[in-house]
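> Here you go, one structure.
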Amino acid sequence: MNQFIRAMGIARYFLILFFLGLSSSIFGQSSWEQIKETKKGDITVYYIQNKPFVYSLPTGGMAGIEYEMFTNLIRQQRKELQAVINIKWVPLDSWDELYKKVKTSSEGCFGMSGITITSERKRNISYLPSYMPDIEIIVSSENVPLFQKQENFNNALQSLPAITIKNSTFERNLLRLKQTTLPALNYSYISTSEDLIGNIAEGNDIWGYTQLSNYAYALSKGLKLHRQIFYQVENEGLAITLPRNSTWLQPLTKANEQPQFRVDTNKLIRKYLGDKVTDLIWDLSIQEDGLIDTLKNQQREIGLLTIESEIRLLRLTQKELEISQQNTIRNILVVTLSLTLLLVVTLFHFNNLVKRSNQKLETQNQEIDEQAKSLRKGYKDLEHLSSIGRDITSKLALDEIIETAYKSISGLIKAPVFGIALYNEKKDSLDFPYIYEHDEVIKDESFDLKDKMRLAVMCFDQKKEFFIQKFSTDHRNYVKEVLQPIAGKNTESIIYIPLVAKHKKPIGVFTIQSFEANAFDSYQLNLLRNLAIYIRIALQNEKTYRNINNKKQQLQEANNHIIEQKELIEEKNHELEDANNDKNHLLSIVAHDLRNPLSSSITLLSILNTDDTNLDEDEKLCVSGSLNAMHRMNKMIEDILDARVSENNESKVNKEAEKDIFSVSEVLDQVINDFTGVAERKNIELTYNLLSDGLIEANKQHSIQIYENLISNAIKFSPANTEIAVSIEKVKDFVEVKITDQGPGLSEEDQKKLYQKFQTLGPKPTGGEKSTGIGLSIVKKYVDSMEGKVECISSQNQGTTFIVSLPYL
């Protein structure tokens with residue numbers, strides 16, 4: 001019996017040990033209260049590899065914004081609680097796995113990987129305060145083109161495979177697009193954000209959503225990606241997660257809200273993303289009341305384009321410097337290897353040349369000393385060259401770039417004459433803003449590119465460098481005759497180097513010259529080749545910076561003009577309210593004076609949108625967006641004004657309008673041009689046939705409204721993949737315009753009430769457009785006032801033809 005009791009005691013002891021071990025394995029994490037009481041404990045952090053937020057290093061350590069931020073938080077808790085807190089970092093393979101871990105854990109557990117805050121997730125897990133905004137964008141492989149029109153973007157991306165992360169906000173965005181815009185969209189899953197970015201950069205025709213911060217970080221590391229400008233999404237923010245009701249939430253939230261912690265976190269973000277990317281993310285997240293949405297999108301896009309341009313230029317500069325340095329080091333190694341080989345040969349013959357060895361050895365030692373001096377000078381020049389490159393590429397003004405280049409080169413090479421010429425596309429010439437000759441400045445000199453006997457022109461045309469040691473005797477190898485220089489006297493030693501852009505397009509030339517023969521050598525020529533790279537990068541930076549500033553100024557002027565017109569509209573609105581209180585509020589705030597300033601803005605932006613301007617594609621995209629917004633506003637105003645005209649008293653409508661003399665084709669050309677884009681968006685072909693033309697005397701604006709209403713109706717009621725034909729022909733005493741569509745046609749009942757006000761006819765708009773029922777009544781009144789006639793030929797399912805005949809002079 002005693003043995004049985006003793007055996008039961010031993011079993012109970014092992015059972016207690018088992019449950020203690022099981023409890024330790026299950027509840028290995030400590031609550032904040034436990035650590036506060038016992039002064040020690042363990043916590044576990046689950047993470048997914050995601051640069052720049054949290055990731056492991058090849059050396060075994062860890063890095064990232066969230067890693068350093070969380071480590072600082074726990075360091076602060078250790079100090080305040082005077083406790084030992086151990087952190088265990090556990091990597092996971094997928095978002096679902098991480099989400100499940102945090103959701104089902106109880107205490108001492110955290111999750112991080114640049115996680116987005118959403119209302120749905122808040123029901124299952126908790127978040128520490130957001131440490132940075134979360135903006136999600138669409139990126140694609142580099143071979144996918146950058147789309148400028150949303151309809152082209154929609155059509156293209158439905159046929160391209162997309163990738164995303166299961167149950168992520170990226171997938172939520174794709175589902176929303178599939179439901180609303182891209183019904184044919186198909187996508188597959190990838191495990192992590194890092195794999196998503198990598199697959200898109202390395203693949204062909206792949207796209208998907210990612211965070212702006214991930215994109216900027218990948219771009220800075222040289223990954224080849226395209227950012228598409230449509231369907232950007234801004235979420236509540238990014239934060240570290242922890243289980244619901246965790247005792248860690250309150251103390252860590254309090255620590256997050258400390259001013260110094262916010263400052264330290266901001267420094268961490270800038271450390272990994274850079275100042276410009278960080279500032280841009282915060283600026284894009286700020287909501288400013290009263291800011292026009294179109295302008296805000298333009299400012300956001302300009303900011304993104306600026307950051308992308310700077311990142312790519314910096315990456316390009318780094319690569320070019322690496323290549324230049326590698327070439328220099330390779331040359332040094334070749335020289336060193338040659339010297340080593342020479343020394344080995346010398347030692348090999350040492351025993352057979354005892355009597356002459358000392359003399360030869362001394363000579364070789366002298367040569368080695370000279371080579372060592374040459375190598376030391378090469379290294380020194382290389383360091384100096386890097387410093388010069390930084391100075392030149394840091395300048396954004398043309399005169400500063402040229403002056404800095406001149407002073408830098410003067411420190412390396414004795415060159416009495418120095419100049420940089422830029423290609424002037426308008427004049428078809430090479431323009432020298434400044435030429436330095438013995439420290440004297442000669443301004444604004446130019447070579448016509450037709451002057452083929454100039455070395456500068458030959459260098460630019462052929463994209464070929466020229467290295468001449470004695471021009472007075474060697475010039476026959478280059479030019480047929482010696483021409484008078486643009487300033488001073490002819491030089492003897494001449495170096496010309498073309499400045500060629502990345503796409504092999506020359507942008508200018510760079511030259512140094514001396515009045516002495518044989519003033520330069522091949523070593524100096526190699527230095528100048530490297531300097532030409534820096535000069536070319538600086539000039540491209542200057543052009544980009546100048547274009548961006550000009551664009552910003554133009555947008556600001558347009559914005560100011562819009563604000564002035566808004567104030568004028570408000571003033572007119574008050575006048576109309578006093579005169580007509582019984583009218584609808586929307587009709588009372590619009591006046592005829594709004595059209596002229598808006599047309600001026602449209603004209604200004606249309607001029608900027610032409611191919612003749614010196615704008616790059618990104619700048620034209622911004623101008624095109626503003627122009628489309630102006631056209632939409634103009635169309636809306638015209639619809640309201642048409643309604644206003646139809647409801648005014650008969651005496652006002654029938655009052656004789658001011659008349660102009662003009663050709664019908666002049667008016668119709670303008671209307672066709674305005675509606676071509678509208679027709680294309682519905683896949684409708686709008687054709688125009690000028691058979692003959694004639695002058696009429698009528699109100700030009702009323703004529704425009706007549707043809708706009710008829711063509712607008714034809715587009716509105718025509719199905720996709722049909723044709724609308726417009727023609728002009730002189731018939732007897734009239735200029736006749738026919739507008740024929742392939743729409744549903746009109747019944748006899750509809751044709752009886754065709755020109756009555758506010759009549760809704762049988763056919764329905766094919767694109768979900770709205771119809772006020774007053775357009776044809778306005779057409780009828782205006783045609784009658786011009787002593788013309790309008791005729792409708794139609795039958796159901798056979799299309800409709802409207803014929804407007806106006807008497808010509």
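Letters for chains follow the order of the structure tokens (A, B, ...), residue numbers begin at 1 for each chain, and ligand numbers begin at 1 in the order shown.
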Enumerate, as a ChimeraX atom specification, the complete set of residues in region 40-245 of chain A that a backbone-based DSSP assignment places in strand (DSSP E or B).

/A:40-47,50,54-56,62-63,84-91,109-116,125-127,132-141,162-164,187-189,207-211,225-243

> I'd like to know which of A:Val664, A:Ala679, A:Val731, A:Ile190 is closest to Ser703 (chain A), using only C-alpha atoms.

A:Val664

> Neighbours of Glu516 (chain A) within 12 Å (only C-alpha atoms; same-chain residues fewer than 5 positions away dropped), as a PyMOL selection string?

chain A and resi 414-417+468-472+490-494

> Would you write out those residues with N, CA and C atoms, as a CSV table (one decimal), in the first residue's frame?


chain,number,residue,atom,x,y,z
A,414,LYS,N,45.7,73.0,-67.6
A,414,LYS,CA,45.9,74.4,-68.0
A,414,LYS,C,45.3,74.6,-69.4
A,415,ALA,N,44.1,75.3,-69.4
A,415,ALA,CA,43.4,75.4,-70.6
A,415,ALA,C,42.9,76.9,-70.7
A,416,PRO,N,43.6,77.7,-71.5
A,416,PRO,CA,43.2,79.1,-71.6
A,416,PRO,C,41.8,79.3,-72.2
A,417,VAL,N,41.3,78.4,-73.0
A,417,VAL,CA,40.0,78.6,-73.6
A,417,VAL,C,39.1,77.4,-73.2
A,468,ILE,N,43.2,67.4,-81.3
A,468,ILE,CA,44.2,68.0,-82.3
A,468,ILE,C,45.3,68.7,-81.5
A,469,GLN,N,46.6,68.3,-81.8
A,469,GLN,CA,47.7,68.8,-81.1
A,469,GLN,C,48.3,70.1,-81.7
A,470,LYS,N,48.2,70.2,-83.1
A,470,LYS,CA,48.7,71.4,-83.8
A,470,LYS,C,47.8,71.7,-84.9
A,471,PHE,N,46.8,72.6,-84.7
A,471,PHE,CA,45.8,72.9,-85.7
A,471,PHE,C,46.3,73.6,-86.9
A,472,SER,N,47.4,74.4,-86.8
A,472,SER,CA,47.9,75.1,-87.9
A,472,SER,C,48.4,74.2,-89.0
A,490,ASN,N,43.0,82.0,-83.5
A,490,ASN,CA,42.9,80.6,-83.6
A,490,ASN,C,43.8,79.9,-82.6
A,491,THR,N,43.4,78.8,-82.1
A,491,THR,CA,44.2,78.0,-81.1
A,491,THR,C,44.9,76.9,-81.8
A,492,GLU,N,45.9,76.3,-81.1
A,492,GLU,CA,46.7,75.2,-81.7
A,492,GLU,C,46.2,73.8,-81.1
A,493,SER,N,46.1,73.7,-79.8
A,493,SER,CA,45.7,72.4,-79.2
A,493,SER,C,44.2,72.5,-78.9
A,494,ILE,N,43.5,71.5,-79.4
A,494,ILE,CA,42.0,71.6,-79.4
A,494,ILE,C,41.4,70.2,-79.0

> Can you tell me, as a PyMOL selection string, what residues are no more than 12 Å from Met786 (chain A) when counting only C-alpha atoms, ignoring any on the same chain fewer than 2 positions away?

chain A and resi 654-660+696-700+702-703+706+734+779-784+788-790+804-808

> Identify which of the residues A:Thr38, A:Thr740, A:Thr404, A:Ser168 lies closest to Ile85 (chain A), counting only C-alpha atoms when measuring atom-to-atom distances.

A:Thr38

> With only C-alpha atoms as the basis for distance, which of A:Ala405, A:Leu225, A:Leu57, A:Leu273 is at the shortest distance from Asn204 (chain A)?

A:Leu225

> Compile the contact shell of Asp461 (chain A) as a ChimeraX atom specification: residues with an atom at most 12 Å away, counting only C-alpha atoms, same-chain residues fewer than 3 positions apart removed.

/A:423,428-430,448-458,464-465,497-500,504-509
